[in-house]
>>> print(open('query39.pdb').read())   # PDB, C-alpha atoms
ATOM      1  CA  MET A 469     124.562  93.518  72.857
ATOM      2  CA  SER A 470     122.659  90.644  74.514
ATOM      3  CA  ALA A 471     121.128  91.173  77.961
ATOM      4  CA  LEU A 472     123.642  90.781  80.783
ATOM      5  CA  PHE A 473     121.080  89.796  83.450
ATOM      6  CA  THR A 474     117.985  87.570  83.307
ATOM      7  CA  ASP A 475     116.124  89.872  85.701
ATOM      8  CA  ARG A 476     116.714  92.119  88.692
ATOM      9  CA  ALA A 477     116.978  89.229  91.159
ATOM     10  CA  ALA A 478     119.739  87.678  89.052
ATOM     11  CA  ALA A 479     121.504  91.047  88.965
ATOM     12  CA  GLY A 480     121.362  91.192  92.768
ATOM     13  CA  ARG A 481     122.893  87.737  93.086
ATOM     14  CA  ALA A 482     125.701  88.776  90.751
ATOM     15  CA  LEU A 483     126.252  92.109  92.482
ATOM     16  CA  VAL A 484     126.600  90.635  95.956
ATOM     17  CA  GLY A 485     129.755  88.856  94.818
ATOM     18  CA  GLN A 486     131.488  92.237  94.897
ATOM     19  CA  LEU A 487     130.227  92.992  98.421
ATOM     20  CA  GLN A 488     131.378  89.970 100.404
ATOM     21  CA  GLY A 489     133.527  92.129 102.651
ATOM     22  CA  TYR A 490     130.285  93.373 104.222
ATOM     23  CA  ALA A 491     128.812  89.915 104.902
ATOM     24  CA  GLY A 492     127.858  88.895 108.417
ATOM     25  CA  ARG A 493     128.481  92.318 109.957
ATOM     26  CA  ASP A 494     126.047  93.819 112.454
ATOM     27  CA  ASP A 495     126.788  97.403 111.384
ATOM     28  CA  VAL A 496     125.542  97.051 107.790
ATOM     29  CA  ALA A 497     122.154  97.993 106.329
ATOM     30  CA  VAL A 498     121.053  97.659 102.708
ATOM     31  CA  LEU A 499     118.840 100.450 101.368
ATOM     32  CA  ALA A 500     116.867  99.950  98.164
ATOM     33  CA  LEU A 501     115.713 102.667  95.797
ATOM     34  CA  PRO A 502     112.118 101.831  94.824
ATOM     35  CA  ARG A 503     110.941 100.587  92.522
ATOM     36  CA  GLY A 504     113.549  98.771  90.483
ATOM     37  CA  GLY A 505     116.177  98.609  93.192
ATOM     38  CA  VAL A 506     114.077  96.552  95.597
ATOM     39  CA  PRO A 507     114.439  93.079  93.988
ATOM     40  CA  VAL A 508     118.178  93.703  93.509
ATOM     41  CA  ALA A 509     118.653  94.868  97.098
ATOM     42  CA  TRP A 510     116.556  92.006  98.509
ATOM     43  CA  GLU A 511     119.046  89.495  97.101
ATOM     44  CA  VAL A 512     122.004  91.541  98.348
ATOM     45  CA  ALA A 513     120.595  91.856 101.883
ATOM     46  CA  ARG A 514     119.625  88.165 102.033
ATOM     47  CA  THR A 515     123.074  86.972 101.030
ATOM     48  CA  LEU A 516     124.985  89.405 103.246
ATOM     49  CA  GLY A 517     122.739  88.712 106.233
ATOM     50  CA  ALA A 518     121.959  92.427 106.483
ATOM     51  CA  GLU A 519     118.714  94.235 107.183
ATOM     52  CA  LEU A 520     116.838  95.731 104.247
ATOM     53  CA  ASP A 521     115.118  99.110 104.165
ATOM     54  CA  LEU A 522     113.926 101.619 101.578
ATOM     55  CA  LEU A 523     115.373 104.958 100.505
ATOM     56  CA  SER A 524     112.526 106.481  98.543
ATOM     57  CA  VAL A 525     113.305 108.956  95.771
ATOM     58  CA  ARG A 526     111.163 110.650  93.130
ATOM     59  CA  LYS A 527     112.369 112.124  89.869
ATOM     60  CA  LEU A 528     111.314 115.681  89.037
ATOM     61  CA  GLY A 529     110.299 115.404  85.396
ATOM     62  CA  VAL A 530     110.117 118.328  82.980
ATOM     63  CA  PRO A 531     106.351 119.101  82.743
ATOM     64  CA  TYR A 532     105.962 118.523  79.007
ATOM     65  CA  GLN A 533     108.674 115.820  78.861
ATOM     66  CA  PRO A 534     108.326 113.866  82.128
ATOM     67  CA  GLU A 535     110.950 111.263  81.244
ATOM     68  CA  LEU A 536     113.586 114.018  81.246
ATOM     69  CA  ALA A 537     114.783 114.565  84.822
ATOM     70  CA  MET A 538     115.351 118.122  85.982
ATOM     71  CA  GLY A 539     116.068 116.955  89.521
ATOM     72  CA  ALA A 540     114.865 114.644  92.250
ATOM     73  CA  ILE A 541     113.606 114.561  95.835
ATOM     74  CA  ALA A 542     114.231 111.887  98.444
ATOM     75  CA  SER A 543     113.200 110.748 101.909
ATOM     76  CA  GLY A 544     114.244 113.175 104.611
ATOM     77  CA  GLY A 545     113.551 116.338 102.625
ATOM     78  CA  ALA A 546     116.584 116.269 100.335
ATOM     79  CA  MET A 547     116.210 117.847  96.914
ATOM     80  CA  TYR A 548     118.488 118.187  93.923
ATOM     81  CA  VAL A 549     117.580 120.486  91.023
ATOM     82  CA  ASP A 550     119.620 120.745  87.825
ATOM     83  CA  ARG A 551     119.304 124.457  87.137
ATOM     84  CA  GLN A 552     120.818 124.108  83.672
ATOM     85  CA  ILE A 553     118.061 121.715  82.558
ATOM     86  CA  VAL A 554     115.385 123.896  84.185
ATOM     87  CA  ALA A 555     116.652 126.937  82.283
ATOM     88  CA  SER A 556     117.231 125.197  78.945
ATOM     89  CA  CYS A 557     113.732 123.666  79.010
ATOM     90  CA  GLY A 558     112.066 126.943  79.955
ATOM     91  CA  VAL A 559     110.498 125.608  83.142
ATOM     92  CA  SER A 560     109.009 128.450  85.183
ATOM     93  CA  PRO A 561     109.366 128.693  88.985
ATOM     94  CA  GLN A 562     105.630 127.999  89.283
ATOM     95  CA  GLN A 563     105.888 124.857  87.144
ATOM     96  CA  LEU A 564     108.865 123.648  89.156
ATOM     97  CA  GLU A 565     106.999 124.131  92.440
ATOM     98  CA  GLN A 566     103.964 122.273  91.072
ATOM     99  CA  VAL A 567     106.104 119.290  90.079
ATOM    100  CA  ILE A 568     107.862 119.296  93.475
ATOM    101  CA  ALA A 569     104.532 119.387  95.336
ATOM    102  CA  ALA A 570     103.075 116.519  93.294
ATOM    103  CA  GLU A 571     106.145 114.332  93.759
ATOM    104  CA  ASN A 572     106.271 115.079  97.500
ATOM    105  CA  ARG A 573     102.701 113.793  97.800
ATOM    106  CA  GLU A 574     103.610 110.598  95.943
ATOM    107  CA  LEU A 575     106.756 110.151  98.029
ATOM    108  CA  ALA A 576     104.717 110.372 101.241
ATOM    109  CA  ARG A 577     102.129 107.907  99.900
ATOM    110  CA  ARG A 578     104.773 105.343  99.023
ATOM    111  CA  GLU A 579     106.534 105.621 102.379
ATOM    112  CA  VAL A 580     103.288 104.641 104.144
ATOM    113  CA  LEU A 581     102.329 101.992 101.587
ATOM    114  CA  TYR A 582     105.661 100.186 101.387
ATOM    115  CA  ARG A 583     106.700 100.311 105.031
ATOM    116  CA  GLY A 584     103.387  99.455 106.685
ATOM    117  CA  THR A 585     104.093  99.231 110.419
ATOM    118  CA  ARG A 586     107.784  98.542 109.854
ATOM    119  CA  GLY A 587     110.009 101.237 111.349
ATOM    120  CA  PRO A 588     113.031 102.621 109.522
ATOM    121  CA  ALA A 589     116.426 101.008 109.867
ATOM    122  CA  ARG A 590     119.019 102.581 112.146
ATOM    123  CA  ILE A 591     121.418 104.586 109.978
ATOM    124  CA  GLU A 592     123.528 106.730 112.308
ATOM    125  CA  GLY A 593     127.014 105.282 112.672
ATOM    126  CA  GLN A 594     126.227 102.388 110.313
ATOM    127  CA  THR A 595     127.634 101.288 106.978
ATOM    128  CA  VAL A 596     124.850 101.582 104.416
ATOM    129  CA  ILE A 597     124.794  99.980 100.973
ATOM    130  CA  VAL A 598     122.471 101.858  98.610
ATOM    131  CA  VAL A 599     121.236  99.617  95.804
ATOM    132  CA  ASP A 600     119.406 100.303  92.545
ATOM    133  CA  ASP A 601     118.952  98.290  89.345
ATOM    134  CA  GLY A 602     121.313 100.680  87.566
ATOM    135  CA  VAL A 603     122.375 104.289  87.257
ATOM    136  CA  ALA A 604     121.520 106.382  84.192
ATOM    137  CA  THR A 605     121.867 110.133  84.799
ATOM    138  CA  GLY A 606     122.712 109.738  88.493
ATOM    139  CA  VAL A 607     120.193 112.437  89.487
ATOM    140  CA  SER A 608     117.926 110.168  91.545
ATOM    141  CA  MET A 609     120.862 108.468  93.218
ATOM    142  CA  ARG A 610     122.488 111.774  94.141
ATOM    143  CA  ALA A 611     119.250 113.058  95.712
ATOM    144  CA  ALA A 612     118.941 109.840  97.701
ATOM    145  CA  LEU A 613     122.496 110.158  98.985
ATOM    146  CA  LEU A 614     121.942 113.765 100.040
ATOM    147  CA  ALA A 615     119.040 112.581 102.191
ATOM    148  CA  LEU A 616     121.102 109.759 103.599
ATOM    149  CA  ARG A 617     124.001 111.995 104.689
ATOM    150  CA  SER A 618     121.694 113.887 107.033
ATOM    151  CA  ALA A 619     121.162 110.632 108.988
ATOM    152  CA  LYS A 620     124.935 110.494 109.744
ATOM    153  CA  PRO A 621     125.970 107.049 108.488
ATOM    154  CA  ALA A 622     129.608 106.094 108.991
ATOM    155  CA  TRP A 623     130.123 104.912 105.395
ATOM    156  CA  ILE A 624     128.005 104.977 102.219
ATOM    157  CA  VAL A 625     128.421 102.403  99.457
ATOM    158  CA  VAL A 626     126.572 102.757  96.146
ATOM    159  CA  ALA A 627     126.105  99.322  94.562
ATOM    160  CA  VAL A 628     124.548  98.889  91.124
ATOM    161  CA  PRO A 629     124.745  96.199  88.430
ATOM    162  CA  VAL A 630     125.281  98.629  85.546
ATOM    163  CA  ALA A 631     126.022 102.289  84.871
ATOM    164  CA  PRO A 632     127.461 104.422  82.078
ATOM    165  CA  SER A 633     131.141 105.275  82.066
ATOM    166  CA  GLY A 634     131.722 108.283  84.304
ATOM    167  CA  ALA A 635     128.783 107.590  86.629
ATOM    168  CA  GLN A 636     131.041 107.434  89.658
ATOM    169  CA  ASP A 637     132.390 110.910  88.861
ATOM    170  CA  ARG A 638     128.845 112.316  88.578
ATOM    171  CA  ILE A 639     127.882 110.913  91.979
ATOM    172  CA  GLY A 640     131.153 112.226  93.375
ATOM    173  CA  THR A 641     131.707 112.586  97.099
ATOM    174  CA  ALA A 642     128.035 111.904  97.877
ATOM    175  CA  ALA A 643     129.187 108.279  98.234
ATOM    176  CA  ASP A 644     132.300 106.892  99.921
ATOM    177  CA  GLU A 645     132.499 103.819  97.667
ATOM    178  CA  PHE A 646     131.074 102.915  94.267
ATOM    179  CA  VAL A 647     130.560  99.274  93.263
ATOM    180  CA  CYS A 648     129.391  98.500  89.725
ATOM    181  CA  LEU A 649     129.578  95.257  87.761
ATOM    182  CA  LEU A 650     129.587  96.957  84.357
ATOM    183  CA  SER A 651     130.549 100.546  83.501
ATOM    184  CA  ALA A 652     129.439 100.682  79.876
ATOM    185  CA  PRO A 653     130.869 103.178  77.365
ATOM    186  CA  ASP A 654     127.961 102.453  74.957
ATOM    187  CA  PHE A 655     125.266 102.823  77.643
ATOM    188  CA  ARG A 656     121.815 103.845  76.357
ATOM    189  CA  SER A 657     119.472 102.750  79.145
ATOM    190  CA  VAL A 658     119.450 100.509  82.216
ATOM    191  CA  GLY A 659     116.836  98.246  80.630
ATOM    192  CA  GLN A 660     119.062  97.201  77.730
ATOM    193  CA  TYR A 661     121.100  95.034  80.120
ATOM    194  CA  TYR A 662     118.093  93.016  81.380
ATOM    195  CA  ARG A 663     116.119  90.319  79.577
ATOM    196  CA  ASP A 664     113.161  90.930  81.908
ATOM    197  CA  PHE A 665     112.851  94.617  82.829
ATOM    198  CA  ASP A 666     109.132  94.788  83.580
ATOM    199  CA  ARG A 667     107.854  97.533  85.853
ATOM    200  CA  ILE A 668     107.914  96.576  89.528
ATOM    201  CA  SER A 669     104.459  96.873  91.100
ATOM    202  CA  ASP A 670     103.569  98.197  94.539
ATOM    203  CA  LYS A 671     102.468  94.680  95.499
ATOM    204  CA  GLN A 672     105.862  93.219  94.575
ATOM    205  CA  ILE A 673     107.622  95.781  96.757
ATOM    206  CA  ILE A 674     105.263  95.191  99.683
ATOM    207  CA  ASP A 675     105.731  91.414  99.393
ATOM    208  CA  LEU A 676     109.527  91.663  99.251
ATOM    209  CA  MET A 677     109.661  93.991 102.240
ATOM    210  CA  ALA A 678     107.342  91.664 104.192
ATOM    211  CA  HIS A 679     109.802  88.820 103.627
ATOM    212  CA  ALA A 680     112.916  90.835 104.422
ATOM    213  CA  GLY A 681     114.845  90.067 107.582
ATOM    214  CA  PRO A 682     113.724  91.851 110.754
ATOM    215  CA  HIS A 683     115.361  95.101 111.804
ATOM    216  CA  ARG A 684     117.971  94.765 114.500
ATOM    217  CA  THR A 685     117.442  96.540 117.775
TER     218      THR A 685
END
>>> encode(input="query39.pdb", output="structure tokens")
Amino acid sequence: MSALFTDRAAAGRALVGQLQGYAGRDDVAVLALPRGGVPVAWEVARTLGAELDLLSVRKLGVPYQPELAMGAIASGGAMYVDRQIVASCGVSPQQLEQVIAAENRELARREVLYRGTRGPARIEGQTVIVVDDGVATGVSMRAALLALRSAKPAWIVVAVPVAPSGAQDRIGTAADEFVCLLSAPDFRSVGQYYRDFDRISDKQIIDLMAHAGPHRT
């Protein structure tokens, strides 16, 4: 099929059409999953008039096949491990701990790099819209939502441009609402739905966050 979106910014502008019920409210925050979710979320937050923040998450890749996720960690100490994948791939406890330690270091580095002096958004009692450029396995998103629950938001919305059929079931009760423009039965990868799916750099994230609206106090 031809690409559905020109780029991530275009996907964000399309996605926000399904979120107009949250526009102009002072109890709404938009949280982006870096890297790819940031340009999408920036457009969503801008149009809704909501503050933008980050919800950092790192995939735990199988050591000899790093693109295969065996779990994920997220801001706030949340961790999700798929024990079936760990067992089927023969990953030892020592290997798992090494991967977790390495990804925790990278998670901490990115939190400092991307935020700068900007404090985190207020989450407790708020409606939060968690945005990414798409959902594939749902592992990273689920880990992010586990972290978010510990901050006691009133309502969690997952908003993505594209996901495979059944993605909402895999995320389950970790979210209160699931918004997706396209649930594709023939889904192969998130990138197939974008004409421009280049890797988002640290500088792009820093620049977008610097031009996001100020946090409310």
>>> closest_residue(input="query39.pdb", among="A:Ala491, A:Ala576, A:Val554, A:Ile597", to="A:Phe646", atoms="all atoms listed in the file")
A:Ile597
>>> resolve_selection(input="query39.pdb", expression="the PyMOL selection byres ((chain A and resi 593) around 12)", output="PyMOL selection string")
chain A and resi 494-497+589-592+594-596+616-624
>>> resolve_selection(input="query39.pdb", expression="the PyMOL selection byres ((chain A and resi 514) around 10)", output="PyMOL selection string")
chain A and resi 480-481+484+491+498+509-513+515-520+679-681
>>> closest_atom_pairs(input="query39.pdb", of="stretch 489-586 of chain A", to="stretch 653-671 of chain A", cutoff="10 Å", atoms="all atoms listed in the file", output="JSON lines")
{"residue": "A:Pro502", "atom": "CA", "partner": "A:Ile668", "partner_atom": "CA", "distance": 8.6}
{"residue": "A:Arg503", "atom": "CA", "partner": "A:Ile668", "partner_atom": "CA", "distance": 5.8}
{"residue": "A:Gly504", "atom": "CA", "partner": "A:Ile668", "partner_atom": "CA", "distance": 6.1}
{"residue": "A:Gly505", "atom": "CA", "partner": "A:Ile668", "partner_atom": "CA", "distance": 9.3}
{"residue": "A:Val506", "atom": "CA", "partner": "A:Ile668", "partner_atom": "CA", "distance": 8.6}
{"residue": "A:Pro507", "atom": "CA", "partner": "A:Ile668", "partner_atom": "CA", "distance": 8.6}
{"residue": "A:Arg578", "atom": "CA", "partner": "A:Asp670", "partner_atom": "CA", "distance": 8.5}
{"residue": "A:Leu581", "atom": "CA", "partner": "A:Asp670", "partner_atom": "CA", "distance": 8.1}
{"residue": "A:Tyr582", "atom": "CA", "partner": "A:Asp670", "partner_atom": "CA", "distance": 7.4}
>>> atom_distance(input="query39.pdb", atom1="atom CA of A:Asp600", atom2="atom CA of A:Arg573")
22.1 Å
>>> closest_residue(input="query39.pdb", among="A:Ala500, A:Val508, A:Val567, A:Val603", to="A:Tyr532", atoms="only C-alpha atoms")
A:Val567
>>> resolve_selection(input="query39.pdb", expression="the PyMOL selection byres ((chain A and resi 536-547) around 8)", output="PyMOL selection string")
chain A and resi 523-530+533-535+548-551+553-554+568+571-572+575+607-608+611-612+614-616+618
>>> residues_around(input="query39.pdb", residues="A:Gln636", least_positions_apart="2", cutoff="10 Å", atoms="all atoms listed in the file", output="NGL selection string")
:A and (603 or 606 or 626 or 631-634 or 638-643 or 645-648 or 651)
>>> build_atoms(input="query39.pdb", residues="stretch 632-657 of chain A", atoms="N, CA and C atoms", output="compact mmCIF listing (two decimals), in the coordinates of the input")
# COMPACT_ATOMS: atom_id res chain seq x y z
N PRO A 632 126.62 103.92 83.16
CA PRO A 632 127.46 104.42 82.08
C PRO A 632 128.85 104.78 82.59
N SER A 633 129.81 104.81 81.70
CA SER A 633 131.14 105.28 82.07
C SER A 633 131.04 106.69 82.63
N GLY A 634 131.75 106.96 83.70
CA GLY A 634 131.72 108.28 84.30
C GLY A 634 130.67 108.48 85.36
N ALA A 635 129.85 107.45 85.63
CA ALA A 635 128.78 107.59 86.63
C ALA A 635 129.35 107.87 88.01
N GLN A 636 130.45 107.22 88.34
CA GLN A 636 131.04 107.43 89.66
C GLN A 636 131.46 108.90 89.84
N ASP A 637 131.99 109.50 88.77
CA ASP A 637 132.39 110.91 88.86
C ASP A 637 131.18 111.81 89.07
N ARG A 638 130.04 111.48 88.44
CA ARG A 638 128.84 112.32 88.58
C ARG A 638 128.27 112.22 89.99
N ILE A 639 128.36 111.06 90.60
CA ILE A 639 127.88 110.91 91.98
C ILE A 639 128.85 111.58 92.95
N GLY A 640 130.14 111.49 92.64
CA GLY A 640 131.15 112.23 93.38
C GLY A 640 131.24 111.83 94.84
N THR A 641 131.48 112.83 95.68
CA THR A 641 131.71 112.59 97.10
C THR A 641 130.42 112.31 97.87
N ALA A 642 129.29 112.28 97.19
CA ALA A 642 128.04 111.90 97.88
C ALA A 642 128.11 110.47 98.38
N ALA A 643 128.96 109.65 97.78
CA ALA A 643 129.19 108.28 98.23
C ALA A 643 130.66 108.11 98.60
N ASP A 644 130.92 107.19 99.53
CA ASP A 644 132.30 106.89 99.92
C ASP A 644 132.90 105.79 99.06
N GLU A 645 132.04 104.96 98.48
CA GLU A 645 132.50 103.82 97.67
C GLU A 645 131.48 103.56 96.57
N PHE A 646 131.95 103.18 95.40
CA PHE A 646 131.07 102.92 94.27
C PHE A 646 131.40 101.53 93.73
N VAL A 647 130.40 100.64 93.75
CA VAL A 647 130.56 99.27 93.26
C VAL A 647 129.63 99.08 92.08
N CYS A 648 130.18 98.68 90.94
CA CYS A 648 129.39 98.50 89.72
C CYS A 648 129.97 97.33 88.94
N LEU A 649 129.11 96.41 88.52
CA LEU A 649 129.58 95.26 87.76
C LEU A 649 130.00 95.64 86.36
N LEU A 650 129.29 96.58 85.73
CA LEU A 650 129.59 96.96 84.36
C LEU A 650 129.46 98.46 84.19
N SER A 651 130.57 99.13 83.88
CA SER A 651 130.55 100.55 83.50
C SER A 651 130.66 100.60 81.98
N ALA A 652 129.54 100.87 81.32
CA ALA A 652 129.44 100.68 79.88
C ALA A 652 129.68 101.98 79.10
N PRO A 653 130.64 101.98 78.18
CA PRO A 653 130.87 103.18 77.36
C PRO A 653 129.77 103.41 76.34
N ASP A 654 129.03 102.34 75.96
CA ASP A 654 127.96 102.45 74.96
C ASP A 654 126.58 102.43 75.61
N PHE A 655 126.50 102.86 76.86
CA PHE A 655 125.27 102.82 77.64
C PHE A 655 124.18 103.67 76.99
N ARG A 656 122.98 103.09 76.85
CA ARG A 656 121.82 103.84 76.36
C ARG A 656 120.71 103.91 77.41
N SER A 657 120.47 102.80 78.09
CA SER A 657 119.47 102.75 79.14
C SER A 657 119.77 101.57 80.05
